[in-house]
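Visitor: Hey, dropping structure.cif in here, mmCIF, C-alpha atoms:
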data_start
loop_
_atom_site.group_PDB
_atom_site.id
_atom_site.type_symbol
_atom_site.label_atom_id
_atom_site.label_comp_id
_atom_site.auth_asym_id
_atom_site.auth_seq_id
_atom_site.Cartn_x
_atom_site.Cartn_y
_atom_site.Cartn_z
ATOM 1 C CA MET A 1 115.413 -34.999 137.709
ATOM 2 C CA GLU A 2 115.623 -33.820 134.104
ATOM 3 C CA ARG A 3 116.219 -37.406 132.959
ATOM 4 C CA VAL A 4 113.144 -38.598 134.844
ATOM 5 C CA MET A 5 111.012 -35.845 133.296
ATOM 6 C CA LYS A 6 112.237 -36.812 129.803
ATOM 7 C CA THR A 7 111.451 -40.455 130.480
ATOM 8 C CA ASP A 8 107.956 -39.568 131.750
ATOM 9 C CA GLY A 9 107.325 -37.391 128.692
ATOM 10 C CA LYS A 10 108.441 -40.158 126.345
ATOM 11 C CA ALA A 11 106.220 -42.701 128.114
ATOM 12 C CA SER A 12 103.317 -40.266 127.949
ATOM 13 C CA ARG A 13 103.784 -39.791 124.200
ATOM 14 C CA GLN A 14 103.989 -43.559 123.712
ATOM 15 C CA GLY A 15 100.841 -44.028 125.774
ATOM 16 C CA ASN A 16 98.992 -41.403 123.760
ATOM 17 C CA GLY A 17 100.184 -42.997 120.522
ATOM 18 C CA GLY A 18 99.007 -46.442 121.649
ATOM 19 C CA HIS A 19 95.643 -45.033 122.654
ATOM 20 C CA ALA A 20 95.271 -43.346 119.260
ATOM 21 C CA ARG A 21 96.095 -46.611 117.476
ATOM 22 C CA ARG A 22 93.496 -48.488 119.527
ATOM 23 C CA ILE A 23 90.880 -45.887 118.627
ATOM 24 C CA PHE A 24 91.860 -46.157 114.962
ATOM 25 C CA TYR A 25 91.640 -49.972 115.016
ATOM 26 C CA ASP A 26 88.286 -49.844 116.801
ATOM 27 C CA ARG A 27 86.909 -47.491 114.177
ATOM 28 C CA CYS A 28 88.249 -49.641 111.347
ATOM 29 C CA GLY A 29 86.720 -52.742 112.910
ATOM 30 C CA ARG A 30 83.405 -50.966 113.405
ATOM 31 C CA TYR A 31 83.315 -49.751 109.805
ATOM 32 C CA LEU A 32 84.269 -53.237 108.589
ATOM 33 C CA PHE A 33 81.383 -54.816 110.488
ATOM 34 C CA ILE A 34 78.939 -52.186 109.228
ATOM 35 C CA ALA A 35 80.137 -52.674 105.654
ATOM 36 C CA SER A 36 79.822 -56.471 105.971
ATOM 37 C CA ALA A 37 76.294 -56.181 107.373
ATOM 38 C CA CYS A 38 75.276 -53.787 104.596
ATOM 39 C CA LEU A 39 76.783 -56.080 101.956
ATOM 40 C CA MET A 40 74.964 -59.140 103.302
ATOM 41 C CA THR A 41 71.699 -57.215 103.482
ATOM 42 C CA LEU A 42 72.180 -56.009 99.911
ATOM 43 C CA ILE A 43 72.890 -59.539 98.677
ATOM 44 C CA ILE A 44 69.843 -60.990 100.422
ATOM 45 C CA PHE A 45 67.478 -58.309 99.165
ATOM 46 C CA SER A 46 68.985 -58.589 95.686
ATOM 47 C CA ILE A 47 68.253 -62.316 95.607
ATOM 48 C CA ILE A 48 64.703 -61.759 96.848
ATOM 49 C CA PHE A 49 64.160 -58.972 94.319
ATOM 50 C CA PHE A 50 65.572 -60.957 91.393
ATOM 51 C CA VAL A 51 63.689 -64.169 92.183
ATOM 52 C CA GLY A 52 60.475 -62.289 92.976
ATOM 53 C CA ARG A 53 60.606 -60.070 89.888
ATOM 54 C CA GLN A 54 61.335 -62.988 87.588
ATOM 55 C CA GLY A 55 58.718 -65.171 89.236
ATOM 56 C CA LEU A 56 55.956 -62.571 89.192
ATOM 57 C CA MET A 57 56.409 -62.276 85.435
ATOM 58 C CA THR A 58 54.610 -65.622 85.307
ATOM 59 C CA LEU A 59 51.367 -63.811 86.074
ATOM 60 C CA SER A 60 51.442 -62.219 82.618
ATOM 61 C CA ASP A 61 50.905 -65.689 81.121
ATOM 62 C CA VAL A 62 49.198 -67.541 83.973
ATOM 63 C CA SER A 63 46.514 -66.304 86.327
ATOM 64 C CA LEU A 64 47.187 -66.287 90.065
ATOM 65 C CA THR A 65 44.216 -68.583 90.630
ATOM 66 C CA GLU A 66 45.468 -71.142 88.134
ATOM 67 C CA PHE A 67 48.980 -71.204 89.562
ATOM 68 C CA PHE A 68 48.009 -71.662 93.210
ATOM 69 C CA PHE A 69 44.741 -73.614 92.927
ATOM 70 C CA SER A 70 45.207 -75.825 89.883
ATOM 71 C CA GLY A 71 47.030 -79.140 89.877
ATOM 72 C CA ASP A 72 47.384 -79.259 86.096
ATOM 73 C CA TRP A 73 51.112 -78.945 85.320
ATOM 74 C CA ASN A 74 51.809 -79.404 81.615
ATOM 75 C CA PRO A 75 54.359 -76.900 80.288
ATOM 76 C CA SER A 76 53.993 -78.097 76.691
ATOM 77 C CA ALA A 77 50.298 -77.131 76.853
ATOM 78 C CA LYS A 78 51.017 -73.866 78.731
ATOM 79 C CA LYS A 79 49.450 -75.267 81.921
ATOM 80 C CA PHE A 80 51.285 -74.174 85.058
ATOM 81 C CA GLY A 81 49.222 -75.212 88.056
ATOM 82 C CA ALA A 82 51.546 -75.641 91.046
ATOM 83 C CA LEU A 83 49.017 -76.881 93.616
ATOM 84 C CA ALA A 84 50.394 -80.448 93.492
ATOM 85 C CA PHE A 85 53.907 -79.227 94.327
ATOM 86 C CA ILE A 86 52.732 -76.931 97.106
ATOM 87 C CA MET A 87 50.656 -79.710 98.627
ATOM 88 C CA GLY A 88 53.552 -82.161 98.278
ATOM 89 C CA SER A 89 55.887 -79.784 100.131
ATOM 90 C CA LEU A 90 53.400 -79.210 102.930
ATOM 91 C CA GLU A 91 52.511 -82.905 103.273
ATOM 92 C CA THR A 92 56.088 -84.141 103.449
ATOM 93 C CA THR A 93 57.077 -81.368 105.858
ATOM 94 C CA LEU A 94 54.178 -81.887 108.262
ATOM 95 C CA LEU A 95 54.422 -85.684 108.201
ATOM 96 C CA SER A 96 58.176 -85.609 108.807
ATOM 97 C CA VAL A 97 57.669 -83.259 111.774
ATOM 98 C CA LEU A 98 54.926 -85.485 113.177
ATOM 99 C CA ILE A 99 57.336 -88.429 113.041
ATOM 100 C CA GLY A 100 60.607 -86.721 113.932
ATOM 101 C CA ALA A 101 59.570 -84.129 116.533
ATOM 102 C CA PRO A 102 58.330 -86.548 119.252
ATOM 103 C CA LEU A 103 61.358 -88.808 118.785
ATOM 104 C CA GLY A 104 63.751 -85.879 118.846
ATOM 105 C CA LEU A 105 62.110 -84.397 121.948
ATOM 106 C CA LEU A 106 62.197 -87.708 123.819
ATOM 107 C CA GLY A 107 65.854 -88.071 122.876
ATOM 108 C CA ALA A 108 66.521 -84.544 124.138
ATOM 109 C CA ILE A 109 64.862 -85.312 127.491
ATOM 110 C CA PHE A 110 66.959 -88.456 127.851
ATOM 111 C CA LEU A 111 70.174 -86.680 126.876
ATOM 112 C CA ALA A 112 69.528 -83.677 129.127
ATOM 113 C CA LYS A 113 68.122 -85.374 132.225
ATOM 114 C CA LEU A 114 68.819 -89.109 132.243
ATOM 115 C CA ALA A 115 71.933 -89.966 130.243
ATOM 116 C CA PRO A 116 75.157 -90.560 132.194
ATOM 117 C CA MET A 117 77.971 -88.102 131.590
ATOM 118 C CA GLY A 118 80.026 -90.573 129.561
ATOM 119 C CA LEU A 119 77.169 -91.146 127.133
ATOM 120 C CA LYS A 120 76.573 -87.398 126.823
ATOM 121 C CA ARG A 121 80.191 -86.889 125.763
ATOM 122 C CA ILE A 122 79.673 -89.422 122.985
ATOM 123 C CA MET A 123 76.167 -88.441 121.879
ATOM 124 C CA ARG A 124 76.636 -84.676 121.439
ATOM 125 C CA PRO A 125 79.454 -84.988 118.872
ATOM 126 C CA ALA A 126 77.514 -87.804 117.194
ATOM 127 C CA VAL A 127 74.444 -85.565 116.854
ATOM 128 C CA ASP A 128 76.578 -82.825 115.334
ATOM 129 C CA LEU A 129 77.987 -85.397 112.914
ATOM 130 C CA TYR A 130 74.489 -86.435 111.812
ATOM 131 C CA VAL A 131 73.690 -82.821 110.933
ATOM 132 C CA ALA A 132 76.774 -82.659 108.697
ATOM 133 C CA ILE A 133 75.888 -85.740 106.619
ATOM 134 C CA PRO A 134 75.012 -84.686 103.024
ATOM 135 C CA SER A 135 71.375 -85.034 102.091
ATOM 136 C CA VAL A 136 72.184 -87.210 99.084
ATOM 137 C CA VAL A 137 73.546 -89.840 101.497
ATOM 138 C CA TYR A 138 70.228 -89.881 103.359
ATOM 139 C CA GLY A 139 68.436 -90.141 100.029
ATOM 140 C CA TYR A 140 70.587 -93.061 98.907
ATOM 141 C CA VAL A 141 70.008 -94.889 102.197
ATOM 142 C CA GLY A 142 66.260 -94.349 101.809
ATOM 143 C CA LEU A 143 66.435 -95.524 98.204
ATOM 144 C CA THR A 144 68.165 -98.779 99.116
ATOM 145 C CA LEU A 145 66.407 -99.513 102.428
ATOM 146 C CA PHE A 146 63.061 -97.752 102.768
ATOM 147 C CA ILE A 147 61.774 -98.141 99.213
ATOM 148 C CA PRO A 148 62.129 -101.966 99.102
ATOM 149 C CA PHE A 149 60.740 -102.218 102.654
ATOM 150 C CA LEU A 150 57.651 -100.128 101.877
ATOM 151 C CA ARG A 151 57.106 -101.908 98.554
ATOM 152 C CA LYS A 152 57.213 -105.326 100.212
ATOM 153 C CA THR A 153 55.401 -104.494 103.449
ATOM 154 C CA PHE A 154 52.493 -102.473 102.052
ATOM 155 C CA ALA A 155 52.359 -104.099 98.598
ATOM 156 C CA THR A 156 52.705 -100.789 96.777
ATOM 157 C CA PRO A 157 53.660 -100.698 93.085
ATOM 158 C CA THR A 158 56.857 -98.672 93.527
ATOM 159 C CA GLY A 159 57.293 -97.666 97.177
ATOM 160 C CA PHE A 160 57.978 -94.075 96.146
ATOM 161 C CA GLY A 161 55.754 -91.381 97.592
ATOM 162 C CA VAL A 162 55.055 -89.064 100.500
ATOM 163 C CA LEU A 163 55.740 -91.632 103.227
ATOM 164 C CA ALA A 164 59.169 -92.627 101.942
ATOM 165 C CA ALA A 165 60.276 -89.003 101.609
ATOM 166 C CA SER A 166 58.827 -88.107 105.016
ATOM 167 C CA LEU A 167 60.604 -90.965 106.784
ATOM 168 C CA VAL A 168 63.985 -89.816 105.482
ATOM 169 C CA LEU A 169 63.168 -86.178 106.272
ATOM 170 C CA ALA A 170 62.197 -87.198 109.811
ATOM 171 C CA ILE A 171 65.637 -88.768 110.272
ATOM 172 C CA MET A 172 67.297 -85.669 108.828
ATOM 173 C CA ILE A 173 65.508 -83.197 111.114
ATOM 174 C CA MET A 174 65.811 -85.206 114.340
ATOM 175 C CA PRO A 175 69.388 -84.053 115.101
ATOM 176 C CA THR A 176 68.297 -80.413 114.837
ATOM 177 C CA ILE A 177 65.395 -80.955 117.234
ATOM 178 C CA LEU A 178 67.497 -83.056 119.592
ATOM 179 C CA SER A 179 70.415 -80.618 119.786
ATOM 180 C CA ILE A 180 68.452 -77.387 120.288
ATOM 181 C CA SER A 181 65.889 -78.980 122.617
ATOM 182 C CA THR A 182 68.674 -80.429 124.760
ATOM 183 C CA ASP A 183 70.188 -76.971 125.194
ATOM 184 C CA ALA A 184 66.748 -75.553 126.031
ATOM 185 C CA LEU A 185 66.136 -78.224 128.678
ATOM 186 C CA ASN A 186 69.575 -77.742 130.196
ATOM 187 C CA ALA A 187 68.902 -74.002 130.447
ATOM 188 C CA VAL A 188 65.948 -74.539 132.808
ATOM 189 C CA PRO A 189 67.070 -73.622 136.359
ATOM 190 C CA HIS A 190 67.520 -76.649 138.613
ATOM 191 C CA THR A 191 65.786 -74.772 141.414
ATOM 192 C CA LEU A 192 62.480 -75.201 139.564
ATOM 193 C CA GLU A 193 62.926 -78.977 139.494
ATOM 194 C CA GLU A 194 63.969 -79.067 143.147
ATOM 195 C CA ALA A 195 60.917 -77.023 144.138
ATOM 196 C CA SER A 196 58.671 -79.412 142.224
ATOM 197 C CA TYR A 197 60.211 -82.446 143.937
ATOM 198 C CA ALA A 198 59.871 -80.705 147.308
ATOM 199 C CA LEU A 199 56.127 -80.341 146.708
ATOM 200 C CA GLY A 200 55.839 -84.093 146.153
ATOM 201 C CA ALA A 201 55.750 -84.237 142.356
ATOM 202 C CA THR A 202 57.140 -87.272 140.565
ATOM 203 C CA TRP A 203 59.872 -87.107 137.928
ATOM 204 C CA TRP A 204 57.339 -87.352 135.068
ATOM 205 C CA GLN A 205 55.117 -84.709 136.629
ATOM 206 C CA THR A 206 58.112 -82.408 137.003
ATOM 207 C CA MET A 207 59.122 -82.922 133.369
ATOM 208 C CA TYR A 208 55.610 -82.416 132.030
ATOM 209 C CA HIS A 209 54.389 -79.565 134.231
ATOM 210 C CA VAL A 210 57.603 -77.677 135.033
ATOM 211 C CA VAL A 211 60.598 -78.377 132.804
ATOM 212 C CA LEU A 212 58.876 -78.664 129.404
ATOM 213 C CA PRO A 213 56.731 -75.517 129.837
ATOM 214 C CA ALA A 214 59.829 -73.565 130.839
ATOM 215 C CA ALA A 215 61.763 -74.882 127.826
ATOM 216 C CA ILE A 216 58.909 -74.619 125.321
ATOM 217 C CA PRO A 217 60.293 -71.536 123.465
ATOM 218 C CA GLY A 218 63.527 -73.387 122.700
ATOM 219 C CA VAL A 219 61.684 -76.593 121.818
ATOM 220 C CA MET A 220 59.352 -74.768 119.428
ATOM 221 C CA THR A 221 62.332 -73.002 117.875
ATOM 222 C CA SER A 222 63.949 -76.369 117.178
ATOM 223 C CA ILE A 223 60.757 -77.675 115.575
ATOM 224 C CA VAL A 224 60.370 -74.606 113.364
ATOM 225 C CA LEU A 225 64.024 -74.855 112.302
ATOM 226 C CA ALA A 226 63.451 -78.509 111.486
ATOM 227 C CA MET A 227 60.403 -77.575 109.418
ATOM 228 C CA ALA A 228 62.466 -74.969 107.566
ATOM 229 C CA ARG A 229 65.026 -77.611 106.672
ATOM 230 C CA ALA A 230 62.360 -80.113 105.653
ATOM 231 C CA VAL A 231 60.467 -77.719 103.383
ATOM 232 C CA GLY A 232 63.683 -76.657 101.657
ATOM 233 C CA GLU A 233 65.230 -80.114 101.291
ATOM 234 C CA THR A 234 65.869 -81.113 97.687
ATOM 235 C CA MET A 235 68.053 -84.112 96.876
ATOM 236 C CA ALA A 236 66.747 -86.621 99.417
ATOM 237 C CA VAL A 237 63.143 -85.771 98.553
ATOM 238 C CA GLN A 238 63.827 -85.808 94.823
ATOM 239 C CA MET A 239 65.236 -89.339 95.114
ATOM 240 C CA LEU A 240 62.275 -90.761 97.049
ATOM 241 C CA ILE A 241 59.042 -88.932 96.279
ATOM 242 C CA GLY A 242 58.532 -90.125 92.704
ATOM 243 C CA ASN A 243 58.650 -86.726 90.938
ATOM 244 C CA THR A 244 55.188 -86.976 89.418
ATOM 245 C CA PRO A 245 53.204 -83.734 88.933
ATOM 246 C CA GLN A 246 50.019 -84.964 90.583
ATOM 247 C CA ILE A 247 48.261 -84.420 93.891
ATOM 248 C CA ALA A 248 48.960 -87.328 96.234
ATOM 249 C CA THR A 249 45.874 -89.363 97.064
ATOM 250 C CA SER A 250 47.632 -91.557 99.640
ATOM 251 C CA LEU A 251 50.924 -91.851 101.480
ATOM 252 C CA PHE A 252 52.213 -94.147 98.733
ATOM 253 C CA SER A 253 51.221 -92.007 95.751
ATOM 254 C CA PRO A 254 54.174 -90.585 93.803
ATOM 255 C CA THR A 255 54.062 -86.806 93.771
ATOM 256 C CA ALA A 256 56.535 -83.893 93.774
ATOM 257 C CA THR A 257 57.476 -80.913 95.873
ATOM 258 C CA LEU A 258 58.454 -77.379 94.954
ATOM 259 C CA THR A 259 62.152 -78.109 95.388
ATOM 260 C CA SER A 260 62.161 -81.458 93.594
ATOM 261 C CA ASN A 261 60.277 -80.072 90.592
ATOM 262 C CA ILE A 262 62.665 -77.113 90.310
ATOM 263 C CA VAL A 263 65.646 -79.497 90.311
ATOM 264 C CA VAL A 264 64.116 -81.853 87.744
ATOM 265 C CA GLU A 265 62.995 -79.184 85.273
ATOM 266 C CA MET A 266 65.418 -76.275 85.654
ATOM 267 C CA GLY A 267 67.832 -77.698 83.061
ATOM 268 C CA ASN A 268 65.154 -77.836 80.368
ATOM 269 C CA THR A 269 63.683 -74.357 80.637
ATOM 270 C CA PRO A 270 64.924 -71.344 78.668
ATOM 271 C CA PHE A 271 65.428 -68.254 80.785
ATOM 272 C CA GLY A 272 62.583 -65.755 80.449
ATOM 273 C CA SER A 273 60.008 -68.236 79.189
ATOM 274 C CA ALA A 274 56.700 -68.795 80.958
ATOM 275 C CA TRP A 275 57.946 -72.214 82.074
ATOM 276 C CA GLY A 276 61.161 -70.797 83.524
ATOM 277 C CA ASN A 277 59.296 -67.924 85.197
ATOM 278 C CA ALA A 278 56.915 -70.428 86.795
ATOM 279 C CA LEU A 279 59.903 -72.204 88.362
ATOM 280 C CA PHE A 280 61.141 -68.848 89.648
ATOM 281 C CA LEU A 281 57.710 -68.234 91.160
ATOM 282 C CA MET A 282 57.976 -71.590 92.942
ATOM 283 C CA ALA A 283 61.325 -70.504 94.341
ATOM 284 C CA PHE A 284 59.754 -67.226 95.453
ATOM 285 C CA VAL A 285 57.007 -69.153 97.254
ATOM 286 C CA LEU A 286 59.744 -71.095 99.070
ATOM 287 C CA LEU A 287 61.382 -67.814 100.075
ATOM 288 C CA ILE A 288 58.064 -66.575 101.483
ATOM 289 C CA ILE A 289 57.623 -69.823 103.423
ATOM 290 C CA SER A 290 61.176 -69.496 104.793
ATOM 291 C CA LEU A 291 60.444 -65.911 105.827
ATOM 292 C CA GLY A 292 57.384 -67.118 107.691
ATOM 293 C CA MET A 293 59.525 -69.719 109.480
ATOM 294 C CA ILE A 294 62.006 -67.013 110.516
ATOM 295 C CA LEU A 295 59.193 -64.875 111.911
ATOM 296 C CA LEU A 296 57.920 -67.866 113.882
ATOM 297 C CA ILE A 297 61.403 -68.461 115.298
ATOM 298 C CA ARG A 298 61.679 -64.830 116.376
ATOM 299 C CA TYR A 299 58.260 -65.109 118.015
ATOM 300 C CA PHE A 300 59.157 -68.219 119.994
ATOM 301 C CA THR A 301 62.630 -67.029 120.989
ATOM 302 C CA GLY A 302 61.173 -63.772 122.318
ATOM 303 C CA LYS A 303 58.317 -65.457 124.133
ATOM 304 C CA LYS A 304 58.480 -65.811 127.893
ATOM 305 C CA VAL A 305 56.691 -68.690 129.510
ATOM 306 C CA ALA A 306 55.571 -68.371 133.102
ATOM 307 C CA VAL A 307 55.994 -71.463 135.215
#
Could you write out this file's structure as structure tokens?

Guide:
Amino acid sequence: MERVMKTDGKASRQGNGGHARRIFYDRCGRYLFIASACLMTLIIFSIIFFVGRQGLMTLSDVSLTEFFFSGDWNPSAKKFGALAFIMGSLETTLLSVLIGAPLGLLGAIFLAKLAPMGLKRIMRPAVDLYVAIPSVVYGYVGLTLFIPFLRKTFATPTGFGVLAASLVLAIMIMPTILSISTDALNAVPHTLEEASYALGATWWQTMYHVVLPAAIPGVMTSIVLAMARAVGETMAVQMLIGNTPQIATSLFSPTATLTSNIVVEMGNTPFGSAWGNALFLMAFVLLIISLGMILLIRYFTGKKVAV
């Protein structure tokens, strides 16, 4: 009896010790996660503060109206109008989405609802592989294939311009749209489709009136994410758009974007000069655009669509 009581007491002490260790590890893990979150938040806000503070110093040499509404960019003459770069970024982004979004959505519908299982097993890893391809590879492919094709087909002087950059961007953003939209379509309950078929609807009617409206938050999230990648893309655009500080008058006019101009000129600007501060202000504008994209994503992911 005494031996049993000693054994029970020892087991109880071991159990209490193990419980105390688990509590200690849980607290350490919790504090580690909190510290990591605080560190990441501090880093992000530090970047925003540094870029914003340095960029807003431009306004001591250049008026806000001139920077945002003038297309005259001539640093040697103290002219820092960024309208051409802002317009170039918006034009390439919107055109690439207009080309890539329908193709990506149609591919997502095929992959989610029509493709046989064997093809799905091949296509999903392939889509993930396309996302991982470096942007400079896309730019080089566009430089060797699209530029000669556009120059020969449309008889343009160089082939560089908004269309060439947008075509490559459309290819780059399609995997993002296809992957996320496929997951959104697969998440739609099959009972909704079965109910639609039971009421006599065709497959196309079911897709258009039932499945797509139910999956629209995920589809819109994929499109906004694709836009965020397109507006922030640098190397592929820099290789194809022509890098000319002028407002594009056609799809084949060489122009520049915010990212491409920063890459081209950042090595020539002394830190703290009006020229360098103007490039920082461009980067700050990109941060604001990215923030707007994030807010749109949060809006669409939290939106509920009634079917």

Visitor: Quick one: residues within 9 Å of Ala283 (chain A), only C-alpha atoms counted, chain neighbours fewer than 2 positions away excluded, as a PDB file with C-alpha atoms, in the frame of the given file?

Guide:
ATOM      1  CA  VAL A  51      63.689 -64.169  92.183  1.00  0.00           C
ATOM      2  CA  GLY A  52      60.475 -62.289  92.976  1.00  0.00           C
ATOM      3  CA  GLY A  55      58.718 -65.171  89.236  1.00  0.00           C
ATOM      4  CA  LEU A 258      58.454 -77.379  94.954  1.00  0.00           C
ATOM      5  CA  THR A 259      62.152 -78.109  95.388  1.00  0.00           C
ATOM      6  CA  ILE A 262      62.665 -77.113  90.310  1.00  0.00           C
ATOM      7  CA  ALA A 278      56.915 -70.428  86.795  1.00  0.00           C
ATOM      8  CA  LEU A 279      59.903 -72.204  88.362  1.00  0.00           C
ATOM      9  CA  PHE A 280      61.141 -68.848  89.648  1.00  0.00           C
ATOM     10  CA  LEU A 281      57.710 -68.234  91.160  1.00  0.00           C
ATOM     11  CA  VAL A 285      57.007 -69.153  97.254  1.00  0.00           C
ATOM     12  CA  LEU A 286      59.744 -71.095  99.070  1.00  0.00           C
ATOM     13  CA  LEU A 287      61.382 -67.814 100.075  1.00  0.00           C
ATOM     14  CA  ILE A 288      58.064 -66.575 101.483  1.00  0.00           C
TER      15      ILE A 288
END

Visitor: Show which residues sit within 12 Å of Ser63 (chain A), as a list in words. Count all atoms listed in the file, and ignore same-chain residues fewer than 5 positions away.

Guide: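 Close residues of Ser63 (chain A): Leu56, Met57, Thr58, Phe68, Phe69, Ser70, Lys78, Lys79, Phe80, Gly81, Ala82, Ala274 and Ala278 of chain A.
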
Visitor: Expressed in Å to a single decimal, how great is the separation between CA of Ile173 (chain A) and CA of Val131 (chain A)?

Guide: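 CA of Val131 (chain A) lies at a distance of 8.2 Å from CA of Ile173 (chain A).
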
Visitor: Skipping near chain neighbours, those fewer than 5 positions away, what residues fall within 12 Å of region 291-301 of chain A using only C-alpha atoms, listed as a ChimeraX atom specification?

Guide: /A:44,48,180,184,215-232,284-286

Visitor: So which residues get picked by the PyMOL selection byres ((chain A and resi 86-98) around 7) here, written as a ChimeraX atom specification?

Guide: /A:82-85,99-101,162,165-167,169-170,227,230-231,255-258

Visitor: With the file shown as input, list the residues that the PyMOL selection byres ((chain A and resi 191-195) around 12) selects, as a list of chain:residue names.

Guide: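 This file, filtered by the PyMOL selection byres ((chain A and resi 191-195) around 12), leaves A:Lys113, A:Leu185, A:Asn186, A:Ala187, A:Val188, A:Pro189, A:His190, A:Ser196, A:Tyr197, A:Ala198, A:Leu199, A:Gly200, A:Ala201, A:Thr202, A:Trp203, A:Trp204, A:Gln205, A:Thr206, A:Met207, A:Tyr208, A:His209, A:Val210, A:Val211, A:Leu212, A:Pro213, A:Ala214, A:Ala215, A:Ala306, A:Val307.
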
Visitor: If the PyMOL selection byres ((chain A and resi 112) around 8) is run on the structure shown, which residues does it catch, given as number ranges by chain?

Guide: A: 108-111, 113-115, 182-183, 185-186

Visitor: What is the distance between CA of Gly71 (chain A) and CA of Ser290 (chain A), in Å to one decimal?

Guide: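 Pair CA of Gly71 (chain A) / CA of Ser290 (chain A) returns 22.7 Å.
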
Visitor: So that I can see what lies close to Ser253 (chain A), please list as a ChimeraX atom specification the residues with an atom at most 10 Å from it, counting only C-alpha atoms and leaving out residues fewer than 4 positions away in the same chain.

Guide: /A:156-163,241-242,244,246-249

Visitor: Could you state the separation of CA of Val264 (chain A) and CA of Gln238 (chain A) in Å, given to one decimal place?

Guide: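 Atom-to-atom, CA of Val264 (chain A) to CA of Gln238 (chain A), that is 8.1 Å.
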
Visitor: Region 94-109 of chain A from the block above, N, CA and C atoms, as a PDB file, in the first residue's frame, please?

Guide:
ATOM      1  N   LEU A  94      -4.327  48.078 -66.596  1.00  0.00           N
ATOM      2  CA  LEU A  94      -5.708  47.853 -67.028  1.00  0.00           C
ATOM      3  C   LEU A  94      -5.771  47.017 -68.301  1.00  0.00           C
ATOM      4  N   LEU A  95      -4.879  47.289 -69.251  1.00  0.00           N
ATOM      5  CA  LEU A  95      -4.905  46.527 -70.503  1.00  0.00           C
ATOM      6  C   LEU A  95      -4.519  45.068 -70.260  1.00  0.00           C
ATOM      7  N   SER A  96      -3.542  44.838 -69.399  1.00  0.00           N
ATOM      8  CA  SER A  96      -3.161  43.452 -69.099  1.00  0.00           C
ATOM      9  C   SER A  96      -4.293  42.703 -68.408  1.00  0.00           C
ATOM     10  N   VAL A  97      -5.045  43.381 -67.529  1.00  0.00           N
ATOM     11  CA  VAL A  97      -6.177  42.738 -66.867  1.00  0.00           C
ATOM     12  C   VAL A  97      -7.299  42.464 -67.869  1.00  0.00           C
ATOM     13  N   LEU A  98      -7.533  43.393 -68.780  1.00  0.00           N
ATOM     14  CA  LEU A  98      -8.557  43.177 -69.799  1.00  0.00           C
ATOM     15  C   LEU A  98      -8.230  41.976 -70.692  1.00  0.00           C
ATOM     16  N   ILE A  99      -6.944  41.730 -70.913  1.00  0.00           N
ATOM     17  CA  ILE A  99      -6.544  40.589 -71.735  1.00  0.00           C
ATOM     18  C   ILE A  99      -6.470  39.311 -70.897  1.00  0.00           C
ATOM     19  N   GLY A 100      -5.859  39.400 -69.731  1.00  0.00           N
ATOM     20  CA  GLY A 100      -5.573  38.202 -68.947  1.00  0.00           C
ATOM     21  C   GLY A 100      -6.730  37.688 -68.110  1.00  0.00           C
ATOM     22  N   ALA A 101      -7.581  38.604 -67.595  1.00  0.00           N
ATOM     23  CA  ALA A 101      -8.654  38.172 -66.697  1.00  0.00           C
ATOM     24  C   ALA A 101      -9.667  37.256 -67.381  1.00  0.00           C
ATOM     25  N   PRO A 102     -10.194  37.593 -68.566  1.00  0.00           N
ATOM     26  CA  PRO A 102     -11.146  36.653 -69.200  1.00  0.00           C
ATOM     27  C   PRO A 102     -10.519  35.294 -69.510  1.00  0.00           C
ATOM     28  N   LEU A 103      -9.270  35.306 -69.996  1.00  0.00           N
ATOM     29  CA  LEU A 103      -8.613  34.033 -70.306  1.00  0.00           C
ATOM     30  C   LEU A 103      -8.372  33.212 -69.042  1.00  0.00           C
ATOM     31  N   GLY A 104      -7.932  33.885 -67.985  1.00  0.00           N
ATOM     32  CA  GLY A 104      -7.709  33.173 -66.735  1.00  0.00           C
ATOM     33  C   GLY A 104      -8.995  32.625 -66.142  1.00  0.00           C
ATOM     34  N   LEU A 105     -10.088  33.393 -66.238  1.00  0.00           N
ATOM     35  CA  LEU A 105     -11.366  32.929 -65.698  1.00  0.00           C
ATOM     36  C   LEU A 105     -11.915  31.756 -66.496  1.00  0.00           C
ATOM     37  N   LEU A 106     -11.810  31.811 -67.822  1.00  0.00           N
ATOM     38  CA  LEU A 106     -12.257  30.686 -68.639  1.00  0.00           C
ATOM     39  C   LEU A 106     -11.429  29.432 -68.341  1.00  0.00           C
ATOM     40  N   GLY A 107     -10.113  29.633 -68.156  1.00  0.00           N
ATOM     41  CA  GLY A 107      -9.280  28.493 -67.784  1.00  0.00           C
ATOM     42  C   GLY A 107      -9.652  27.919 -66.428  1.00  0.00           C
ATOM     43  N   ALA A 108     -10.029  28.799 -65.492  1.00  0.00           N
ATOM     44  CA  ALA A 108     -10.443  28.338 -64.166  1.00  0.00           C
ATOM     45  C   ALA A 108     -11.739  27.540 -64.247  1.00  0.00           C
ATOM     46  N   ILE A 109     -12.695  27.996 -65.060  1.00  0.00           N
ATOM     47  CA  ILE A 109     -13.948  27.250 -65.223  1.00  0.00           C
ATOM     48  C   ILE A 109     -13.684  25.869 -65.818  1.00  0.00           C
TER      49      ILE A 109
END
